[in-house]
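What follows is entry.csv (CSV, C-alpha atoms).
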chain,number,residue,atom,x,y,z
A,918,MET,CA,-15.8,-32.0,15.7
A,919,GLU,CA,-12.5,-31.1,14.3
A,920,TYR,CA,-11.6,-27.4,13.9
A,921,LEU,CA,-9.0,-25.6,11.8
A,922,LEU,CA,-6.2,-25.0,13.3
A,923,VAL,CA,-3.2,-4.1,15.3
A,924,HIS,CA,-5.1,-2.1,16.7
A,925,GLU,CA,-7.0,-3.0,19.8
A,926,VAL,CA,-10.7,-2.3,20.2
A,927,ALA,CA,-11.6,-1.1,23.7
A,928,LEU,CA,-14.7,-3.1,24.5
A,929,SER,CA,-14.1,-3.7,28.2
A,930,ASN,CA,-16.7,-1.0,29.2
A,931,ALA,CA,-18.9,-1.4,26.2
A,932,PRO,CA,-22.3,-3.1,26.6
A,933,SER,CA,-22.9,-6.6,25.2
A,934,TYR,CA,-25.8,-6.8,22.8
A,935,ALA,CA,-26.7,-10.2,24.0
A,936,ALA,CA,-30.1,-9.8,25.6
A,937,MET,CA,-30.7,-6.4,24.0
A,938,THR,CA,-33.6,-5.8,21.6
A,939,LYS,CA,-32.8,-4.1,18.4
A,940,LEU,CA,-35.7,-1.7,18.5
A,941,GLN,CA,-35.0,-0.3,22.0
A,942,HIS,CA,-31.2,0.0,21.8
A,943,TRP,CA,-29.7,-0.3,18.4
A,944,PRO,CA,-31.2,3.0,16.9
A,945,GLU,CA,-29.1,4.9,19.4
A,946,LEU,CA,-26.0,3.8,17.5
A,947,ALA,CA,-24.7,4.6,14.1
A,948,GLU,CA,-25.7,2.3,11.4
A,949,CYS,CA,-23.2,-0.5,10.8
A,950,ALA,CA,-22.9,-1.5,7.2
A,951,GLU,CA,-21.5,-4.9,6.2
A,952,GLN,CA,-18.1,-3.3,5.2
A,953,SER,CA,-17.8,-1.5,8.5
A,954,LEU,CA,-18.4,-4.7,10.3
A,955,ILE,CA,-15.5,-6.3,8.4
A,956,SER,CA,-13.4,-3.2,9.2
A,957,GLN,CA,-14.1,-3.6,12.9
A,958,LEU,CA,-13.2,-7.2,12.9
A,959,GLN,CA,-10.0,-6.6,11.1
A,960,THR,CA,-8.8,-4.2,13.9
A,961,THR,CA,-8.0,-7.1,16.2
A,962,LEU,CA,-6.6,-10.6,16.1
A,963,ASP,CA,-8.0,-11.4,19.6
A,964,ILE,CA,-10.8,-14.0,19.3
A,965,GLN,CA,-12.7,-12.7,22.4
A,966,GLN,CA,-12.7,-9.2,21.0
A,967,GLN,CA,-13.9,-10.4,17.6
A,968,LEU,CA,-16.7,-12.3,19.3
A,969,ASN,CA,-17.8,-9.2,21.3
A,970,ILE,CA,-17.9,-7.2,18.0
A,971,ILE,CA,-20.1,-9.9,16.4
A,972,SER,CA,-22.3,-10.0,19.5
A,973,MET,CA,-23.1,-6.3,18.9
A,974,ALA,CA,-24.0,-6.9,15.3
A,975,VAL,CA,-26.1,-9.9,16.2
A,976,GLY,CA,-28.1,-7.8,18.7
A,977,LYS,CA,-29.3,-5.8,15.7
A,978,VAL,CA,-30.8,-8.9,14.2
A,979,LEU,CA,-32.2,-10.7,17.2
A,980,PRO,CA,-32.2,-10.1,21.0
A,981,VAL,CA,-30.0,-13.0,22.0
A,982,SER,CA,-29.1,-13.9,25.6
A,983,ALA,CA,-25.8,-15.7,24.9
A,984,LEU,CA,-23.3,-16.1,22.1
A,985,LYS,CA,-20.6,-18.8,22.5
A,986,LEU,CA,-17.8,-19.9,20.2
A,987,LYS,CA,-16.2,-23.3,20.3
A,988,THR,CA,-12.8,-23.7,18.6
A,989,ALA,CA,-9.8,-26.0,18.6
A,990,VAL,CA,-7.9,-23.3,20.6
A,991,GLY,CA,-10.6,-22.9,23.3
A,992,ASP,CA,-14.1,-21.9,24.0
A,993,PHE,CA,-15.2,-18.3,24.2
A,994,GLU,CA,-18.4,-16.5,25.4
A,995,ALA,CA,-19.6,-13.0,24.6
A,996,ILE,CA,-19.7,-10.4,27.4
A,997,GLY,CA,-23.0,-10.5,29.2
A,998,SER,CA,-24.0,-14.0,28.0
A,999,ARG,CA,-26.6,-15.9,30.1
A,1000,PRO,CA,-28.5,-19.1,29.4
A,1001,ALA,CA,-31.8,-19.1,27.4
A,1002,ASP,CA,-34.3,-21.7,26.3
A,1003,ILE,CA,-33.9,-21.5,22.6
A,1004,GLU,CA,-30.6,-22.4,20.9
A,1005,HIS,CA,-29.3,-22.2,17.4
A,1006,ARG,CA,-26.0,-23.6,16.3
A,1007,SER,CA,-24.0,-22.7,13.2
A,1008,VAL,CA,-20.8,-24.2,11.9
A,1009,LEU,CA,-18.4,-21.6,10.5
A,1010,VAL,CA,-16.7,-23.0,7.4
A,1011,LEU,CA,-14.1,-21.3,5.1
A,1012,ASN,CA,-12.7,-23.0,2.0
A,1013,GLN,CA,-14.1,-26.4,3.1
A,1014,GLN,CA,-12.3,-26.1,6.5
A,1015,CYS,CA,-14.3,-26.0,9.7
A,1016,LEU,CA,-13.2,-23.0,11.8
A,1017,ALA,CA,-15.5,-23.1,14.7
A,1018,GLU,CA,-19.1,-23.7,16.0
A,1019,LEU,CA,-21.1,-20.6,17.0
A,1020,ILE,CA,-23.9,-21.1,19.5
A,1021,TYR,CA,-26.7,-18.6,19.9
A,1022,GLN,CA,-29.2,-18.7,22.8
A,1023,SER,CA,-32.3,-16.5,22.9
A,1024,GLU,CA,-35.8,-16.3,24.4
A,1025,HIS,CA,-37.0,-15.6,20.8
A,1026,ALA,CA,-37.4,-18.0,17.9
A,1027,PHE,CA,-34.7,-18.3,15.2
A,1028,THR,CA,-37.0,-18.0,12.2
A,1029,PRO,CA,-35.7,-18.8,8.7
A,1030,MET,CA,-35.3,-15.0,8.0
A,1031,VAL,CA,-33.3,-14.5,11.2
A,1032,GLN,CA,-31.1,-17.5,10.4
A,1033,ARG,CA,-30.4,-16.0,7.0
A,1034,GLU,CA,-29.4,-12.6,8.5
A,1035,LEU,CA,-27.1,-14.3,11.0
A,1036,LEU,CA,-25.5,-16.3,8.2
A,1037,LEU,CA,-24.7,-13.1,6.4
A,1038,LEU,CA,-23.0,-11.7,9.5
A,1039,GLU,CA,-21.1,-14.9,10.0
A,1040,SER,CA,-19.8,-14.7,6.4
A,1041,GLU,CA,-18.3,-11.3,7.2
A,1042,TRP,CA,-16.4,-12.8,10.1
A,1043,LEU,CA,-14.8,-15.8,8.4
A,1044,PHE,CA,-11.5,-14.4,7.2
A,1045,ALA,CA,-10.9,-12.3,10.3
A,1046,LEU,CA,-11.7,-15.4,12.5
A,1047,ARG,CA,-9.4,-17.6,10.5
A,1048,ASN,CA,-6.5,-15.2,11.0
A,1049,ALA,CA,-7.2,-14.9,14.7
A,1050,LEU,CA,-7.3,-18.7,15.1
A,1051,VAL,CA,-3.9,-19.0,13.3
A,1052,VAL,CA,-2.3,-16.4,15.6
A,1053,CYS,CA,-3.8,-18.0,18.7
A,1054,ARG,CA,-2.6,-21.4,17.6
A,1055,LEU,CA,1.0,-20.1,17.0
A,1056,GLN,CA,0.9,-18.4,20.4
A,1057,GLN,CA,-0.2,-21.6,22.1
A,1058,MET,CA,2.5,-23.6,20.3
A,1059,ALA,CA,5.1,-21.2,21.6
A,1060,LEU,CA,4.0,-21.8,25.2
A,1061,LYS,CA,3.3,-25.5,25.1
A,1062,ASP,CA,5.5,-28.6,25.4
A,1063,THR,CA,5.4,-30.2,22.0
A,1064,LEU,CA,5.2,-33.8,23.4
A,1065,THR,CA,2.7,-33.6,26.3
A,1066,GLY,CA,0.8,-30.4,25.5
A,1067,LEU,CA,1.5,-29.1,29.0
A,1068,GLY,CA,2.8,-25.6,29.5
A,1069,ASN,CA,6.6,-25.2,28.8
A,1070,ARG,CA,9.1,-23.4,31.0
A,1071,ARG,CA,8.5,-20.1,29.4
A,1072,PHE,CA,4.7,-20.4,30.1
A,1073,PHE,CA,5.5,-21.5,33.6
A,1074,ASP,CA,7.7,-18.5,34.4
A,1075,ASP,CA,4.9,-16.1,33.4
A,1076,SER,CA,2.1,-18.0,35.0
A,1077,PHE,CA,3.9,-18.6,38.3
A,1078,ASP,CA,4.8,-14.9,38.7
A,1079,LYS,CA,1.2,-14.0,38.1
A,1080,ALA,CA,-0.2,-16.6,40.5
A,1081,VAL,CA,2.1,-15.4,43.3
A,1082,GLN,CA,1.2,-11.8,42.7
A,1083,LEU,CA,-2.5,-12.6,42.6
A,1084,ALA,CA,-2.3,-14.7,45.8
A,1085,LYS,CA,-0.6,-11.8,47.6
A,1086,ARG,CA,-3.1,-9.2,46.4
A,1087,HIS,CA,-6.1,-11.3,47.5
A,1088,ASP,CA,-4.5,-12.8,50.6
A,1089,GLU,CA,-5.1,-16.3,49.2
A,1090,PRO,CA,-2.9,-19.4,49.5
A,1091,CYS,CA,-0.6,-20.4,46.7
A,1092,ALA,CA,1.7,-23.5,46.4
A,1093,LEU,CA,4.2,-24.9,44.0
A,1094,LEU,CA,4.7,-28.6,43.4
A,1095,LEU,CA,7.8,-29.8,41.5
A,1096,LEU,CA,7.9,-33.5,40.4
A,1097,ASP,CA,10.8,-35.6,39.1
A,1098,LEU,CA,10.4,-39.1,37.8
A,1099,ASP,CA,12.3,-42.0,39.5
A,1100,ASN,CA,14.1,-44.5,37.3
A,1101,PHE,CA,13.1,-42.7,34.1
A,1102,LYS,CA,16.6,-42.8,32.6
A,1103,GLN,CA,16.6,-46.6,32.5
A,1104,VAL,CA,13.4,-46.5,30.3
A,1105,ASN,CA,15.2,-44.6,27.6
A,1106,ASP,CA,18.4,-46.6,28.0
A,1107,ILE,CA,16.7,-50.0,27.9
A,1108,ALA,CA,13.4,-49.6,26.1
A,1109,GLY,CA,14.2,-46.7,23.9
A,1110,HIS,CA,13.1,-43.1,23.6
A,1111,SER,CA,9.7,-44.1,22.1
A,1112,ALA,CA,8.9,-45.9,25.3
A,1113,GLY,CA,10.2,-42.9,27.3
A,1114,ASP,CA,7.8,-40.6,25.4
A,1115,ASP,CA,4.9,-43.0,26.2
A,1116,VAL,CA,5.7,-42.8,29.9
A,1117,LEU,CA,5.9,-39.0,29.8
A,1118,LEU,CA,2.5,-38.8,28.1
A,1119,ALA,CA,1.1,-41.2,30.7
A,1120,VAL,CA,2.4,-38.9,33.5
A,1121,ALA,CA,0.9,-35.8,31.7
A,1122,ASP,CA,-2.4,-37.7,31.6
A,1123,CYS,CA,-2.2,-38.4,35.3
A,1124,LEU,CA,-1.7,-34.8,36.0
A,1125,ARG,CA,-4.7,-33.7,33.9
A,1126,ASP,CA,-6.9,-36.4,35.4
A,1127,THR,CA,-6.1,-35.6,38.9
A,1128,LEU,CA,-6.2,-31.8,38.8
A,1129,ARG,CA,-8.9,-29.5,37.7
A,1130,ALA,CA,-6.8,-26.5,36.6
A,1131,THR,CA,-5.1,-27.9,33.6
A,1132,ASP,CA,-3.6,-24.6,32.7
A,1133,SER,CA,-1.5,-24.8,35.8
A,1134,LEU,CA,0.4,-27.9,34.7
A,1135,PHE,CA,3.9,-27.7,33.1
A,1136,ARG,CA,6.7,-29.8,31.8
A,1137,PHE,CA,10.1,-28.2,32.0
A,1138,GLY,CA,11.7,-30.7,29.8
A,1139,GLY,CA,13.2,-34.2,30.4
A,1140,ASP,CA,11.2,-35.8,33.3
A,1141,GLU,CA,10.6,-32.7,35.3
A,1142,PHE,CA,7.1,-31.4,35.9
A,1143,ALA,CA,5.5,-28.5,37.8
A,1144,VAL,CA,2.1,-27.8,39.2
A,1145,ILE,CA,0.8,-24.4,40.5
A,1146,LEU,CA,-1.8,-24.8,43.2
A,1147,SER,CA,-4.1,-22.0,44.3
A,1148,ALA,CA,-7.2,-21.4,46.3
A,1149,GLN,CA,-8.7,-24.7,47.6
A,1150,ASP,CA,-6.1,-26.9,46.0
A,1151,ALA,CA,-3.3,-24.9,47.8
A,1152,ASN,CA,-5.1,-25.5,51.2
A,1153,CYS,CA,-4.7,-29.2,50.7
A,1154,ALA,CA,-1.5,-29.1,48.7
A,1155,GLU,CA,0.2,-32.1,50.4
A,1156,LEU,CA,-2.9,-34.2,49.9
A,1157,VAL,CA,-3.0,-33.2,46.2
A,1158,ALA,CA,0.7,-34.1,45.9
A,1159,ARG,CA,0.3,-37.6,47.4
A,1160,ARG,CA,-2.8,-38.2,45.2
A,1161,LEU,CA,-0.7,-37.2,42.1
A,1162,LEU,CA,2.1,-39.6,43.1
A,1163,ARG,CA,-0.3,-42.4,43.7
A,1164,ALA,CA,-1.9,-41.9,40.3
A,1165,ILE,CA,1.5,-41.9,38.6
A,1166,ASN,CA,2.7,-45.0,40.5
A,1167,GLN,CA,-0.5,-46.9,39.7
A,1168,HIS,CA,-0.5,-46.2,35.9
A,1169,HIS,CA,0.1,-49.4,34.0
A,1170,LEU,CA,3.0,-48.0,31.9
A,1171,CYS,CA,4.8,-46.6,35.0
A,1172,LYS,CA,4.3,-50.0,36.7
A,1173,GLN,CA,5.6,-51.8,33.6
A,1174,TYR,CA,8.8,-49.7,33.5
A,1175,GLU,CA,9.1,-49.4,37.3
A,1176,VAL,CA,8.8,-45.6,37.1
A,1177,SER,CA,7.6,-43.6,40.1
A,1178,ALA,CA,7.7,-39.9,41.0
A,1179,SER,CA,9.2,-37.8,43.8
A,1180,ALA,CA,7.8,-34.4,44.7
A,1181,GLY,CA,8.9,-31.2,46.5
A,1182,LEU,CA,6.2,-28.9,47.8
A,1183,ALA,CA,6.4,-25.3,49.0
A,1184,LEU,CA,3.6,-22.9,50.1
A,1185,LEU,CA,3.7,-19.2,50.0
A,1186,SER,CA,4.4,-18.3,53.6
A,1187,ALA,CA,4.9,-14.6,53.8
A,1188,PRO,CA,3.9,-11.5,51.8
A,1189,GLU,CA,7.5,-10.6,51.2
A,1190,GLN,CA,8.3,-14.0,49.8
A,1191,SER,CA,9.1,-13.7,46.1
A,1192,SER,CA,8.3,-16.2,43.3
A,1193,LYS,CA,12.0,-17.0,43.0
A,1194,GLN,CA,12.2,-17.8,46.7
A,1195,LEU,CA,9.1,-20.0,46.6
A,1196,PHE,CA,10.5,-21.9,43.6
A,1197,ALA,CA,13.8,-22.4,45.4
A,1198,ALA,CA,12.0,-23.7,48.4
A,1199,ALA,CA,10.1,-26.2,46.3
A,1200,ASP,CA,13.3,-27.2,44.5
A,1201,ASN,CA,15.1,-27.9,47.8
A,1202,ALA,CA,12.1,-29.9,49.0
A,1203,LEU,CA,12.3,-32.0,45.7
A,1204,TYR,CA,16.0,-32.6,46.3
A,1205,SER,CA,15.3,-33.8,49.8
A,1206,ALA,CA,12.6,-36.1,48.4
A,1207,LYS,CA,15.0,-37.6,45.9
A,1208,GLU,CA,17.6,-38.1,48.6
A,1209,ALA,CA,15.0,-39.8,50.9
A,1210,GLY,CA,14.0,-42.4,48.4
A,1211,LYS,CA,11.6,-43.1,45.5
A,1212,SER,CA,8.0,-42.0,45.5
A,1213,THR,CA,8.4,-39.5,48.3
A,1214,VAL,CA,6.8,-36.1,49.0
A,1215,ARG,CA,8.8,-33.5,51.0
A,1216,VAL,CA,7.3,-30.2,52.1
A,1217,ALA,CA,9.5,-27.1,52.5
Here is a file; write its structure as structure tokens.
Amino acid sequence: MEYLLVHEVALSNAPSYAAMTKLQHWPELAECAEQSLISQLQTTLDIQQQLNIISMAVGKVLPVSALKLKTAVGDFEAIGSRPADIEHRSVLVLNQQCLAELIYQSEHAFTPMVQRELLLLESEWLFALRNALVVCRLQQMALKDTLTGLGNRRFFDDSFDKAVQLAKRHDEPCALLLLDLDNFKQVNDIAGHSAGDDVLLAVADCLRDTLRATDSLFRFGGDEFAVILSAQDANCAELVARRLLRAINQHHLCKQYEVSASAGLALLSAPEQSSKQLFAAADNALYSAKEAGKSTVRVA
């Protein structure tokens, strides 16, 4: 399915109305008229917060166990959601454009009357959701490499600092893998930039197919890539690096143009080590790998 591409509401401590019955819980709250629901939704451009607001309104109609939203910018789930046996799906459409798919799960039947009431709630959400999707898409575009869809250098800098801080706080492993393509310049020089773009897309696909955490993959520009490894992946970082290089080397386009990859790997080794120091260690390891020959991994 194809989807269309303030003030903050504090809901972090608020209960989710997934799995709450309207008779037992909702009368304790002030009545929420349709216009007030629109007003609440207009207070935020955060999709998750909007979904949480809708989940509270839905709880007044039916005790649902889960509320999920599938969009082109990602999937979201209301706070407190848990699986249930009965499912109802609704496609949210505005001006003949599909915004998202909303999935309800409940232990209670979705009768025609209930579906009608849910449809009315959904109609109150359409404009606010459309605006939130546009903002989210613009934010993603600012952080993504336009060719490969991987994170760009700006996104990397922010994500890498957070990953290192989180690893230190929880005393968990963290590693950085920097990759540089071998013989890539000759692809552009001989076969043209279109062929070069195809090779870069192939490498990006290899990264995605090999690693689970796709939000930890980045392209700096040119033929330079980075991978942030944490938790279990960091414990076997060298194995991951070699698996990545093997996947790149075996891709048919890389074989065709005789392109391979070299990699430099560095692991967070001490609590006082900064993200800049970890990056420098990985960068030095990459330089050593390039000096040692093609398709080589070096560990700092």
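Distance annotation: of A:Leu1096, A:Leu1170, A:Ala1148, A:Leu1035, the residue with the minimal separation from A:Thr1213 is A:Leu1096; atom set is only C-alpha atoms.
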| query | Which is closer to A:Leu1060 than all the others in A:Arg1136, A:Leu1037, A:Ala1001, A:Ala983, using all atoms listed in the file? | reply | A:Arg1136
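Residues in contact with stretch 1109-1121 of chain A at 7 Å, where only C-alpha atoms are counted and same-chain residues fewer than 6 positions away are skipped, are listed as Thr1065, Ile1165, Leu1170 and Cys1171 of chain A.
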| field | For atom CA of A:Val1157 and atom CA of A:Arg1070, the interatomic separation in Å (one decimal) | value | 21.8 Å
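Picture a line from atom CA of A:Lys1207 to atom CA of A:Ser1186; it runs 23.3 Å.
In this comparison, which uses only C-alpha atoms, the residue of A:Thr1028, A:Asn1012, A:Asn1152, A:Thr961 approaching A:Leu1093 most closely is A:Asn1152.
Counting only C-alpha atoms, the residue from A:Val1052, A:Ala989, A:Ala1045, A:Leu1067 that sits nearest to A:Leu1134 is A:Leu1067.
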| Hey, can you check how far atom CA of A:Arg1129 sits from atom CA of A:Cys1153? | 13.7 Å
| request: Find the spatial neighbours of A:Leu1083, counting all atoms listed in the file, within a cut-off of 12 Å - ignore same-chain residues fewer than 4 positions away - and output them as number ranges by chain. | output: A: 1076-1079, 1087-1091, 1147-1148, 1185, 1188, 1192
Within 9 Å of stretch 1015-1019 of chain A: each stretch 1028-1077 of chain A residue with its shortest pair, only C-alpha atoms, as a Markdown table:
| residue | atom | partner | partner_atom | distance |
| --- | --- | --- | --- | --- |
| A:Leu1043 | CA | A:Leu1016 | CA | 8.1 |
| A:Leu1046 | CA | A:Leu1016 | CA | 7.8 |
| A:Arg1047 | CA | A:Leu1016 | CA | 6.7 |
| A:Leu1050 | CA | A:Leu1016 | CA | 8.0 |
Keeping only C-alpha atoms, take the residues you just selected and write them out as a tab-separated table (two decimals), in the coordinates of the input.
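Done, and the output landed in again-v1.tsv:
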chain	number	residue	atom	x	y	z
A	1043	LEU	CA	-14.80	-15.80	8.40
A	1046	LEU	CA	-11.70	-15.40	12.50
A	1047	ARG	CA	-9.40	-17.60	10.50
A	1050	LEU	CA	-7.30	-18.70	15.10
| field | Non-local contacts of stretch 1193-1204 of chain A (10 Å; all atoms listed in the file; under 4 positions in same chain excluded) as an MDAnalysis selection string | value | chainID A and resid 1074 1077:1078 1081 1091:1097 1143 1179:1187 1189 1208:1209 1213:1217
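Shell of A:Asp1099 at 6 Å, with all atoms listed in the file counted and residues fewer than 2 places along the chain excluded, is Phe1101, Val1176, Ser1177 and Ala1178 of chain A.
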| task | Compare A:Gln957, A:Phe1073, A:Gln1057, A:Ser1205 by their minimum atom-to-atom distance to A:Ile1145, counting all atoms listed in the file, and give me the closest one. | result | A:Phe1073
A:Lys1061: which residues within 12 Å, counting all atoms listed in the file, same-chain residues fewer than 2 positions away excluded, as a PDB file with C-alpha atoms, in the frame of the given file?
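And here is the file that came out, around_15.pdb:
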ATOM      1  CA  ARG A1054      -2.600 -21.400  17.600  1.00  0.00           C
ATOM      2  CA  LEU A1055       1.000 -20.100  17.000  1.00  0.00           C
ATOM      3  CA  GLN A1056       0.900 -18.400  20.400  1.00  0.00           C
ATOM      4  CA  GLN A1057      -0.200 -21.600  22.100  1.00  0.00           C
ATOM      5  CA  MET A1058       2.500 -23.600  20.300  1.00  0.00           C
ATOM      6  CA  ALA A1059       5.100 -21.200  21.600  1.00  0.00           C
ATOM      7  CA  THR A1063       5.400 -30.200  22.000  1.00  0.00           C
ATOM      8  CA  LEU A1064       5.200 -33.800  23.400  1.00  0.00           C
ATOM      9  CA  THR A1065       2.700 -33.600  26.300  1.00  0.00           C
ATOM     10  CA  GLY A1066       0.800 -30.400  25.500  1.00  0.00           C
ATOM     11  CA  LEU A1067       1.500 -29.100  29.000  1.00  0.00           C
ATOM     12  CA  GLY A1068       2.800 -25.600  29.500  1.00  0.00           C
ATOM     13  CA  ASN A1069       6.600 -25.200  28.800  1.00  0.00           C
ATOM     14  CA  ARG A1070       9.100 -23.400  31.000  1.00  0.00           C
ATOM     15  CA  ARG A1071       8.500 -20.100  29.400  1.00  0.00           C
ATOM     16  CA  PHE A1072       4.700 -20.400  30.100  1.00  0.00           C
ATOM     17  CA  PHE A1073       5.500 -21.500  33.600  1.00  0.00           C
ATOM     18  CA  ASP A1132      -3.600 -24.600  32.700  1.00  0.00           C
ATOM     19  CA  SER A1133      -1.500 -24.800  35.800  1.00  0.00           C
ATOM     20  CA  LEU A1134       0.400 -27.900  34.700  1.00  0.00           C
ATOM     21  CA  PHE A1135       3.900 -27.700  33.100  1.00  0.00           C
ATOM     22  CA  ARG A1136       6.700 -29.800  31.800  1.00  0.00           C
ATOM     23  CA  PHE A1137      10.100 -28.200  32.000  1.00  0.00           C
ATOM     24  CA  GLY A1138      11.700 -30.700  29.800  1.00  0.00           C
TER      25      GLY A1138
END
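Between A:Leu1146 and the residues A:Ala1080, A:Val1051, A:Ile1107, A:Leu1162, the shortest atom-to-atom distance, using all atoms listed in the file, involves A:Ala1080.
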